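Engineer: Below is the structure I would like to discuss, written out as structure tokens.
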Amino acid sequence: MAASPVWIEKHYRFGLAGESQANIIARLLSSRPGRVLDLGCGPEPRHVVNLSYHSKLLVAADHDYQMVIVAARRPEVTNIRLVAAEAYTLPFAARSFDHIVALGLFAYINDPGTVFREFRRVARPSANVLLTNSVARPKQPLIDAANAAGFTLSMQDESFCPSASGGVKMRYLLVFTSHEATAA
């Protein structure tokens, strides 16, 4: 199935997210603009810039410093900070972010529990965690790890994505909120 040029433009707004997922991400970030951590930002500066349009401050981070250097080659946007950071030990103060975006990150994570505990530490009480992954990868271990860390699954979506791994070119989006936010 070939993707249309319009779909490709929308798909690549944020990177590894299908079209309907990009719409959901944009809506959630824009409904409560704030400090956003884009963890696993990769080398594509357009993704970082597009996320910044929905953020008061976007911190784009990747474990590979070379990815951060490539992402730094972007049009001048004043609300972006680029950081080299490991998902297992984030170099940020507690309660720093309103949203955490991890598009495709968990394909490279061996211990999701540790990463979700770090997310919980740096997330503000009403923070959203938005992540995508190929449907070829199981989502239940991520849901279990998020729940154990104090997040509740609040939304999910599956849609076409030509860059998804495996024979089925689909990605899922999982959106989590803190238990504190859902208890109110």
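Ordered as shown in the structure tokens, chains take letters A, B, and onward, while each chain numbers its residues from 1 and ligands are numbered from 1 in the order shown.
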Do you know which residues are at most 9 Å from A:Phe119 counting only C-alpha atoms, after dropping those on the same chain fewer than 2 positions away, and could you put them as a ChimeraX atom specification?
Structural biologist: /A:87,90,100,114-117,121-123,129,149
Engineer: Would you pick out the contacts of stretch 138-143 of chain A at 7 Å or less, using only C-alpha atoms, so that residues sharing its chain but fewer than 3 positions from it are not included, and give the list as a list in words?
Structural biologist: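 Everything that qualifies: Pro112, Val135, Ala146, Asn147 and Leu153 of chain A.
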Engineer: Expressed in Å to a single decimal, how great is the separation between atom CA of A:Glu158 and atom CA of A:Ser134?
Structural biologist: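 Interatomic distance here is 9.2 Å.
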Engineer: Quick one: residues within 10 Å of A:Asp62, only C-alpha atoms counted, chain neighbours fewer than 5 positions away excluded, as a PyMOL selection string?
Structural biologist: chain A and resi 38-43+67-69+71+82-87+105
Engineer: In terms of the shortest atom-to-atom distance over only C-alpha atoms, which of A:Leu130, A:Val36, A:Ala22, A:Ala93 is closest to A:Phe106?
Structural biologist: A:Leu130
Engineer: Using atom CA of A:Leu37 and atom CA of A:Ser55 as the two end points, give the distance in Å to one decimal.
Structural biologist: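 Computing it gives 9.6 Å between the two atoms.
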Engineer: Using DSSP on the backbone coordinates, identify the residues of chain A assigned to strand (DSSP E or B); present them as a count of residues only.
Structural biologist: 56
Engineer: Between atom CA of A:Gly15 and atom CA of A:Glu44, measure the distance and give it in Å to one decimal.
Structural biologist: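 Atom CA of A:Glu44 lies at a distance of 8.0 Å from atom CA of A:Gly15.
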